[in-house]
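Reading through the structure tokens given below for one structure.
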Amino acid sequence: MGCGASSGAATLAEPIEMKTNGGASGQDSMPDTVKVESKTLGIEVPSIPGDVGLCGDLPKNVMKEVAGRYKSWIYMNDEANSFWFPEENKGAGVEQMMVRKFPGPPTFPSDDQVSMILEALDKMSRPL
């Protein structure tokens, strides 16, 4: 699970351009890229403030495409998780990454978990 704050390069509400296999898939008419809505990828972007996204695990190819839209990223799973791609964030110019290890997704976050997220947000450069 992760969340990020917009880099300003593209708004988080704009569709994400994803690469396809194009004609390599045996379908000559398949385009090289397709535009996909964030919500289709499981990324929630609330209208207010509008510059923050919340998502679950993202595959590496999706992370490559969306990382550049974020200025900062909070990763809330263990670093050993197979969906942890710090090199994708760094390569896209994400300024900060903070790992906060949660023991598992409770129904509601504990007070300690909420404090960890708020502390991480407070430490990020402004504007988010």
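Within each chain, counting starts at residue 1; across the structure tokens, chains are named A, B, ... in the order shown, with ligands numbered 1 upward in that order.
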
Among stretch 15-126 of chain A, which residues carry a DSSP assignment of helix (DSSP H, G or I), reported as a PyMOL selection string? chain A and resi 22-25+38-41+60-69+86-91+111-123

Kindly save the residues from that selection, with N, CA and C atoms included, as a CSV table (one decimal), in the first residue's frame.
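Generated output (again-v1.csv):
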chain,number,residue,atom,x,y,z
A,22,GLY,N,1.6,-3.9,-28.2
A,22,GLY,CA,1.3,-3.5,-29.6
A,22,GLY,C,1.1,-4.8,-30.4
A,23,GLY,N,1.7,-4.8,-31.6
A,23,GLY,CA,1.5,-5.9,-32.6
A,23,GLY,C,2.2,-7.2,-32.1
A,24,ALA,N,3.0,-7.1,-31.1
A,24,ALA,CA,3.8,-8.3,-30.6
A,24,ALA,C,2.8,-9.3,-30.0
A,25,SER,N,1.6,-8.9,-29.6
A,25,SER,CA,0.6,-9.8,-29.0
A,25,SER,C,-0.1,-10.6,-30.0
A,38,SER,N,-7.0,6.3,-13.4
A,38,SER,CA,-6.3,5.9,-12.1
A,38,SER,C,-7.2,4.9,-11.3
A,39,LYS,N,-8.5,5.1,-11.3
A,39,LYS,CA,-9.4,4.3,-10.5
A,39,LYS,C,-9.4,2.8,-11.0
A,40,THR,N,-9.2,2.7,-12.3
A,40,THR,CA,-9.1,1.3,-12.9
A,40,THR,C,-7.9,0.6,-12.4
A,41,LEU,N,-6.8,1.3,-12.0
A,41,LEU,CA,-5.6,0.7,-11.5
A,41,LEU,C,-5.6,0.5,-10.0
A,60,LYS,N,4.9,-3.5,-11.1
A,60,LYS,CA,6.1,-2.7,-11.5
A,60,LYS,C,5.8,-1.8,-12.8
A,61,ASN,N,5.1,-2.4,-13.8
A,61,ASN,CA,4.9,-1.6,-15.0
A,61,ASN,C,3.9,-0.4,-14.7
A,62,VAL,N,3.0,-0.6,-13.8
A,62,VAL,CA,2.1,0.5,-13.4
A,62,VAL,C,2.9,1.6,-12.7
A,63,MET,N,3.8,1.1,-11.7
A,63,MET,CA,4.6,2.0,-10.9
A,63,MET,C,5.5,2.9,-11.8
A,64,LYS,N,6.0,2.3,-12.9
A,64,LYS,CA,6.9,3.1,-13.8
A,64,LYS,C,6.1,4.2,-14.4
A,65,GLU,N,4.8,4.0,-14.7
A,65,GLU,CA,4.0,5.0,-15.4
A,65,GLU,C,3.5,6.1,-14.4
A,66,VAL,N,3.2,5.7,-13.2
A,66,VAL,CA,2.5,6.7,-12.3
A,66,VAL,C,3.5,7.4,-11.4
A,67,ALA,N,4.7,6.8,-11.1
A,67,ALA,CA,5.7,7.4,-10.2
A,67,ALA,C,6.0,8.9,-10.5
A,68,GLY,N,6.1,9.2,-11.8
A,68,GLY,CA,6.5,10.6,-12.2
A,68,GLY,C,5.4,11.6,-11.9
A,69,ARG,N,4.2,11.1,-11.5
A,69,ARG,CA,3.2,12.1,-11.2
A,69,ARG,C,3.2,12.5,-9.7
A,86,PRO,N,11.5,0.8,-5.0
A,86,PRO,CA,12.1,2.1,-4.7
A,86,PRO,C,12.8,2.7,-5.9
A,87,GLU,N,13.4,1.9,-6.8
A,87,GLU,CA,14.2,2.4,-7.9
A,87,GLU,C,13.2,3.1,-9.0
A,88,GLU,N,12.0,2.6,-9.0
A,88,GLU,CA,11.0,3.2,-9.9
A,88,GLU,C,10.7,4.6,-9.5
A,89,ASN,N,10.5,4.8,-8.2
A,89,ASN,CA,10.2,6.1,-7.6
A,89,ASN,C,11.4,7.1,-7.8
A,90,LYS,N,12.6,6.6,-7.4
A,90,LYS,CA,13.8,7.4,-7.6
A,90,LYS,C,14.1,7.8,-9.0
A,91,GLY,N,13.9,6.9,-9.9
A,91,GLY,CA,14.1,7.1,-11.4
A,91,GLY,C,13.1,8.1,-11.9
A,111,ASP,N,-3.8,4.0,16.7
A,111,ASP,CA,-3.4,5.4,17.0
A,111,ASP,C,-1.9,5.5,16.6
A,112,ASP,N,-1.1,4.5,16.9
A,112,ASP,CA,0.3,4.6,16.6
A,112,ASP,C,0.5,4.6,15.0
A,113,GLN,N,-0.2,3.9,14.3
A,113,GLN,CA,-0.1,3.9,12.8
A,113,GLN,C,-0.5,5.3,12.3
A,114,VAL,N,-1.6,5.8,12.8
A,114,VAL,CA,-2.0,7.1,12.4
A,114,VAL,C,-0.9,8.2,12.7
A,115,SER,N,-0.3,8.1,13.9
A,115,SER,CA,0.7,9.0,14.2
A,115,SER,C,1.9,8.9,13.3
A,116,MET,N,2.3,7.6,12.9
A,116,MET,CA,3.4,7.4,12.0
A,116,MET,C,3.1,8.1,10.6
A,117,ILE,N,1.9,8.0,10.1
A,117,ILE,CA,1.6,8.6,8.8
A,117,ILE,C,1.6,10.1,8.9
A,118,LEU,N,1.0,10.6,10.0
A,118,LEU,CA,1.0,12.1,10.2
A,118,LEU,C,2.4,12.6,10.4
A,119,GLU,N,3.3,11.9,11.1
A,119,GLU,CA,4.7,12.3,11.2
A,119,GLU,C,5.4,12.3,9.9
A,120,ALA,N,5.2,11.3,9.1
A,120,ALA,CA,5.8,11.2,7.8
A,120,ALA,C,5.3,12.4,6.9
A,121,LEU,N,4.0,12.7,6.9
A,121,LEU,CA,3.5,13.8,6.1
A,121,LEU,C,4.1,15.1,6.6
A,122,ASP,N,4.2,15.3,7.9
A,122,ASP,CA,4.8,16.5,8.5
A,122,ASP,C,6.3,16.7,8.0
A,123,LYS,N,7.0,15.7,7.8
A,123,LYS,CA,8.4,15.8,7.4
A,123,LYS,C,8.6,16.0,5.9

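All residues of protein, DNA or RNA that reach within 10 Å of A:Val34, judged by only C-alpha atoms and not counting those fewer than 2 positions away in the chain, are Pro15, Ile16, Glu17, Met18, Lys19, Thr20, Gly22, Met30, Pro31, Asp32 and Val36 of chain A.
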
Interatomic distance (Å, one decimal) between atom CA of A:Ala80 and atom CA of A:Met124: 23.5 Å

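Rounded to one decimal, atom CA of A:Ile43 and atom CA of A:Ile74 lie 13.9 Å from each other.
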
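Between atom CA of A:Met98 and atom CA of A:Asp78 there is a distance of 11.1 Å.
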